[in-house]
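Some notes on the structure that comes next.
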Amino acid sequence: MSGIRLRIREIEAFERPMRFARPFRFGLVTVDEAPQAFVRVVVEVEGAGTATGVTAEMMMPKWFDKNPAKSPQDTIANLKASLSEAARSYAQAGDWDTAFGHHARGFSAQKMWAVDHGLPGLVASFGPALIDKAVADALLKASGIGFAEGLRRNVFGIDARQTPDLAEDLIRSFLSGVHPVGDVLLRHTVGLLDSLDGAGGLEDEIRLANLRLFKIKIGGDVDADIARLAAIHDLLSRHVPDYRATLDANEQYDPQRLRVLLQAMSGGVLRAFRDHLLYIEQPFDRAGTFAAPLDDLSGEIPFIIDEADGDYDAFPRAVALGYRGVSSKACKGFYKSVLNAVRVSALNEAHQAKFFVSAEDLTCQAGLGIQQDTALVATLGLTHAERNGHHYVEGFGPAPDAEAARFAAAHPDLYRKQGGRVGLAFERGSLPTASLLSAPGFASGAEPDWSSLVPLAQHHRS
């Protein structure tokens, strides 16, 4: 199928403040609150009438743009501007096209807008990423199918115009063969400020959520990181002997310090930890990632990019330098995740080295955020994902109880009620995907209480 055509009639954007139950530090920044963005679109689908699509994403400060001259509020303002500009651009086009056709045009315009405003690629991508998810949700509802089936049929019209390195037949073949996993295991993030023992510490989390996979943040102070990793390994080896872990440097290392860390894993104090390590994420700052090949650093431990993944060409550029993987995050664009998965399939056909897409998103909140991102990675066949939103926001946060109840009714396998509040059912250590992928739409099933949200900007209509 070449895709179903649609016209975008209306786009509305909203926000809701989310205060964290505990502070979280990544890189040099400590965060204790952030707004969540919500989008609602109305589309007219050729031959199927109108439909409404919805989505949500956190607007995390100082991740999309780590410019030290900008305050956390500056970076949030830029994300709001990105979403507002994308809403204006997509809505004003007014023409018939496939969902991916709207994305290709809107994303290209957004990149030019970002250059004119001195904003990095991840900020540019944020607005289109939300609009694309909401449009996909509406299209799938109008078509009466779920996300995985929509990819198999390619109702979105995904093609190679953003990825000239991929042949069209490779894309079609990959999409027709997607086979979702039935459960996505939780990979619990151990933040730099998280305690290991005591109430609310890592030991508690292991017991409460039946955890087997972990993502450990490292901060760039080699001695401190080595000591902390040794302590974490000691705890995990006692409580979860067969654990697996990933490391996330959040751009805080350089080649010299990374060599010291790797040496500690090759025969030093972290040798036992190395046996449990799956990969290392984003060791260098996003610009420095492409400055030189990994060379001798690229050994048995795979490296992946995350913050450096600012455009469609980032992953193949990183592969040429010795990287083996790239993160999937719906906030960077679900089309890019899908097309990077096609690239991985092609690379693994041609090379002995194992390339892969990983599922990384600390901030997915209960409701649309976690549902749609989990449906995406499950459809791509990824068996585990970083999932810590429930660790930092209790339940649905400040959302009205009736809103939480609607999502729980739509996905009773994903949520549970405890202490009078609805929250993610994380206790089994995995998230089931059946209800996310079976109902029509992009894993939505319910909508927020729009009256409880703050309008982000004026409505945009075609």
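Chain labels run A, B, ... following the order of the structure tokens; each chain numbers its residues from 1, and ligands are numbered from 1 in the order shown.
Secondary structure of region 107-321 of chain A, strand (DSSP E or B) only (DSSP, backbone atoms): Gly146, Asp183, Val184, Leu185, Leu186, Arg187, His188, Thr189, Val190, Leu213, Phe214, Lys215, Ile216, Lys217, Arg244, Ala245, Thr246, Leu247, Asp248, Leu277, Leu278, Tyr279, Ile280, Glu281, Phe303, Ile304 and Ile305 of chain A.
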Residues from last step as file, C-alpha atoms, as a compact mmCIF listing (two decimals), in the first residue's frame:
# COMPACT_ATOMS: atom_id res chain seq x y z
CA GLY A 146 -3.89 -0.50 15.55
CA ASP A 183 5.65 -7.74 26.80
CA VAL A 184 8.31 -5.06 27.19
CA LEU A 185 10.59 -5.54 30.19
CA LEU A 186 11.29 -2.53 32.39
CA ARG A 187 14.88 -1.29 32.42
CA HIS A 188 15.12 0.75 35.60
CA THR A 189 17.27 3.89 35.55
CA VAL A 190 19.60 4.39 38.48
CA LEU A 213 17.43 -4.83 33.81
CA PHE A 214 19.03 -1.53 34.76
CA LYS A 215 20.26 1.66 33.13
CA ILE A 216 22.98 3.31 35.18
CA LYS A 217 23.85 6.99 34.81
CA ARG A 244 21.86 -6.95 32.77
CA ALA A 245 22.77 -3.27 32.64
CA THR A 246 23.45 -0.39 30.28
CA LEU A 247 25.46 2.76 30.98
CA ASP A 248 24.41 6.28 30.02
CA LEU A 277 26.97 -4.83 30.54
CA LEU A 278 25.00 -4.60 27.28
CA TYR A 279 26.15 -1.26 25.85
CA ILE A 280 27.25 2.31 26.63
CA GLU A 281 25.05 5.21 25.56
CA PHE A 303 28.33 2.20 21.84
CA ILE A 304 25.10 3.92 20.85
CA ILE A 305 24.08 7.52 20.17
Would you please give, as a PyMOL selection string, all residues of region 184-261 of chain A that DSSP assigns to alpha helix (DSSP H) based on the backbone?
-> chain A and resi 202-209+222-239+255-261
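Within 10 Å of Ala443 (chain A), once only C-alpha atoms are used and residues closer than 3 positions along the same chain are dropped, the contacting residues are Val54, Thr55, Asp137, Leu140, Gly146, Phe147, Ala148, Gly367, Leu368, Gly369, Ile370, Gln371, Gln372, Asp373, Thr374, Ala375, Leu376, Ala410, His411, Thr433, Ala434, Ser435, Leu436, Leu437, Ser438, Ala439, Pro440 and Ala446 of chain A.
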List the neighbours of Ala93 (chain A) out to 10 Å using only C-alpha atoms; skip same-chain residues closer than 2 positions along the sequence, and give me the result as a ChimeraX atom specification.
-> /A:7-9,88-91,95-97,102,105-106,461-462
Find the spatial neighbours of Gly200 (chain A), counting only C-alpha atoms, within a cut-off of 12 Å - ignore same-chain residues fewer than 5 positions away - and output them as a count of residues only.
-> 12
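Taking CA of Thr379 (chain A) as the reference point, CA of Phe442 (chain A) is found at 11.3 Å.
Using only C-alpha atoms for every distance, the candidate list A:Ile76, A:His460, A:Lys62, A:Gln418 yields A:His460 as the residue closest to Ile131 (chain A).
Taking CA of Leu321 (chain A) and CA of Leu229 (chain A) as endpoints, the distance between them is 27.2 Å.
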